[in-house]
Structure formats: structure tokens, C-alpha cells
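A quick write-up on the structure given underneath.
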Amino acid sequence: MSLLEVDRLESFYGASQALFGVGLDVKEGEVVALMGRNGMGKTTTIRTIFGLIRPRSGTIRFAGREIAGKLPHRIARLGLGLVPEGRRCFPNLTVTENLVAAARNGEWTLQKVVDLFPRLGERRNQYANTLSGGEQQMLAIGRALMTNPRLLVLDEATEGLAPVIRRDIWAAIAKLKAGGQSILVVDKTLSELLAVADRCFVLEKGVTVFEGTPQALTPDLQDRYLGV
């Protein structure tokens with residue numbers, strides 16, 4: 001059984017329909033890539049899964065429970081951890097305070113997050129708004145891990161980051177995968193994304209148009225669905 005199952009999901013922004021029947025799933029211990037050009041429904045799908053947008057129809061099941069339309073905080077408590085697009089750290093809290101504020105009992109502790117991202121340990125007493133964009137992304141990932149999620153969801157994992165920081169983020173994701181963490185990740189950096197993903201789903205105009213392994217996402221398909 002899949003940890004997350006999304007089927008025939010439809011969502012709207014007011015009168016404008018954004019999702020027209022999205023389907024995807026994530027199994028335990030799997031890294032799944034959600035892909036597509038800008039404006040094709042990736043972030044809307046994530047927001048709908050987390051209850052930030054109420055779906056018009058379709059099902060979202062997590063660990064066998066229907067969660068479509070539930071309140072975001074109740075969804076999070078079930079074991080979903082979100083690293084949102086734009087990071088959204090608490091600017092006037094220190095690195096340590098950001099991490100501790102999200103803490104729930106489990107494997108992930110402050111020390112373990114610092115071990116994953118040593119830069120956060122070096123800046124533990126700095127306010128979040130003084131960090132670089134890459135450091136804020138590390139903090140957002142660490143904050144989500146401190147909730148000890150069964151499923152970690154990263155929306156635009158490395159967007160706008162310097163190459164050296166992107167490399168560190170992808171290395172951390174690879175370590176999380178090796179440790180058995182289930183991950184759903186949205187990103188546009190195809191080479192790194194396909195290297196870490198077990199399976200891929202591609203959205204086109206709010207519809208799932210491809211499901212398969214990275215190897216099955218041929219150059220022709222990449223040009224058709226992901227090319228500029």
C-alpha cells in the first residue's frame with residue numbers, strides 16, 4: 001500500500017480550475033519527483049494535499065486515511081512535513097528557535113539536523129532573516145524534519161540557489177533517501193532530480209500525463225513536457 005495516494009484530484013482558484021484530475025502516489029521509503037513546466041499545477045497539487053486549497057473532487061489518502069479537505073494542522077499532525085516554496089522561515093527567530101518551534105518527538109533532533117546541515121550549527125544563534133537564501137532553505141528543510149514526518153514534501157527544493165548550495169541540498173536529500181525517508185520533491189533541476197528519484201510524475205495543464213521511472217522519461221518526453 002502506498003503511503004500517499006492522490007486520485008482524480010480537481011482544485012479551483014475561485015472560478016478558475018487549476019487541477020483536472022491529478023493522480024500520484026508515494027510508497028514508503030521512496031523518493032518521487034513531481035515535475036512539469038511553470039504553471040502546470042505542481043504547487044497547487046502540493047497546496048491541495050496539505051489542505052491549503054480545498055479540493056472540489058477526488059481523493060487524497062495518507063497512510064490509509066482520507067485527508068482531502070481536512071484542516072492543514074490536522075494533516076501535518078498525521079505525519080506530513082512541508083518545505084514550502086519560498087522557504088518561509090520565521091524571520092525574527094534564531095536558527096535554533098526556528099527548529100525547536102517545530103519539534104515533535106521522534107528520530108529527528110536538533111543535533112541530527114545540525115549533523116545534516118553543519119552550516120545551521122555554525123549559525124545557530126543568528127536570526128533567520130540574516131541567513132543567505134541557501135541557508136534559509138536548509139533551515140526550512142531542517143524545520144520540516146524536526147516534525148519527524150513520515151513523508152517529507154519539498155516544493156521547489158533548490159530554486160534560485162547558488163550551485164554550491166544546490167549541491168549541498170541534493171546531497172542531503174540523497175542522505176535522507178539512504179536513511180529510508182519518504183520524499184515527494186518538486187524541482188526544475190532535471191539532472192539532480194532524476195538522479196535521486198525512484199519514480200516521476202509529470203503534470204501538463206493540471207493533468208498527470210506521465211508516470212514512470214527516470215529511465216522511462218526519455219529525451220523526447222522531456223522536450224515535450226519539460227522543455228522551455
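Following the order of the C-alpha cells, first chain is A, next is B, and so on, with residues numbered from 1 inside each chain and ligands from 1 in the order they appear.
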- [ ] Might you pull out every residue within 8 Å of stretch 130-137 of chain A, with only C-alpha atoms counted and same-chain residues fewer than 6 positions away left off, and present them as a ChimeraX atom specification?
- [x] /A:87,89,119-120,157-158,161-162,165-166
TODO: Go through stretch 72-186 of chain A and collect every residue that DSSP, computed from the backbone, puts in alpha helix (DSSP H); the answer should be as number ranges by chain.
DONE: A: 72-77, 95-101, 110-116, 118-122, 133-145, 163-178
Sort by chain and increasing residue number a table of all residues of stretch 61-126 of chain A within 10 Å of stretch 47-55 of chain A, each with its closest pair of atoms and their distance in Å to one decimal, counting only C-alpha atoms, and write it as CSV.
residue,atom,partner,partner_atom,distance
A:Arg61,CA,A:Ile49,CA,9.1
A:Phe62,CA,A:Ile49,CA,9.5
A:Ile67,CA,A:Ile49,CA,7.9
A:Ala68,CA,A:Pro55,CA,6.8
A:Gly69,CA,A:Arg54,CA,5.2
A:Lys70,CA,A:Gly51,CA,5.9
A:Leu71,CA,A:Gly51,CA,5.6
A:Pro72,CA,A:Gly51,CA,4.8
A:His73,CA,A:Gly51,CA,8.5
A:Arg74,CA,A:Gly51,CA,9.0
A:Ile75,CA,A:Phe50,CA,6.3
A:Ala76,CA,A:Phe50,CA,7.4
A:Leu80,CA,A:Phe50,CA,8.0
A:Gly81,CA,A:Phe50,CA,9.2
A:Leu82,CA,A:Phe50,CA,8.2
A:Pro84,CA,A:Arg47,CA,9.0
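What separates atom CA of A:Thr96 from atom CA of A:Arg124 is a distance of 5.2 Å.
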Task: Separation of atom CA of A:Gly142 from atom CA of A:Leu184, in Å and rounded to one decimal - done: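 Distance between the two atoms: 15.6 Å.
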- [ ] Kindly indicate which residue among A:Ile169, A:Val83, A:Met1, A:Ala216 lies nearest to A:Pro149, using only C-alpha atoms for the distances.
- [x]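 Looking at the shortest contact to A:Pro149, the residue is A:Val83.
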Task: A:Ser57, A:Cys200, A:Asp115, A:Glu30 ranked by distance to A:Val186, top pick (using only C-alpha atoms) - done: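 Comparing A:Ser57, A:Cys200, A:Asp115, A:Glu30 against A:Val186, the winner is A:Cys200.
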TODO: Using only C-alpha atoms, pick whichever of A:Arg199, A:Lys205, A:Arg167, A:Lys112 has the shortest atom-to-atom distance to A:Ala33.
DONE: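 Under the stated criterion, the closest residue is A:Arg199.
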- [ ] Please give the complete set of residues from stretch 4-162 of chain A that DSSP, run on the backbone, assigns to strand (DSSP E), formatted as number ranges by chain.
- [x] A: 4-13, 16-26, 31-35, 57-62, 65-66, 80-83, 151-155
Closest contacts (stretch 132-194 of chain A/stretch 17-26 of chain A, max 10 Å, only C-alpha atoms) as CSV:
residue,atom,partner,partner_atom,distance
A:Leu151,CA,A:Val26,CA,8.6
A:Ser182,CA,A:Val26,CA,7.5
A:Ile183,CA,A:Val26,CA,7.7
A:Leu184,CA,A:Val26,CA,7.2
Extract, using only C-alpha atoms, all DNA, RNA and protein residues at most 9 Å from A:Gly64, discarding same-chain residues fewer than 5 positions from it, and format them as a compact mmCIF listing (two decimals) with C-alpha atoms, in the first residue's frame.
# COMPACT_ATOMS: atom_id res chain seq x y z
CA MET A 1 0.00 0.00 0.00
CA SER A 2 1.21 3.49 -0.83
CA LEU A 3 1.91 5.97 1.93
CA LEU A 4 0.32 8.80 -0.10
CA GLU A 5 -2.33 8.22 -2.77
Task: Among the residues A:Asp7, A:Gly36, A:Glu122, A:Pro91, the one that comes closest to A:Phe210 [using only C-alpha atoms] - done: A:Gly36
Open item on the list: Report, in Å to a single decimal, how far apart atom CA of A:Leu190 and atom CA of A:Pro219 are.
Closed with: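 Distance between the two atoms: 11.1 Å.
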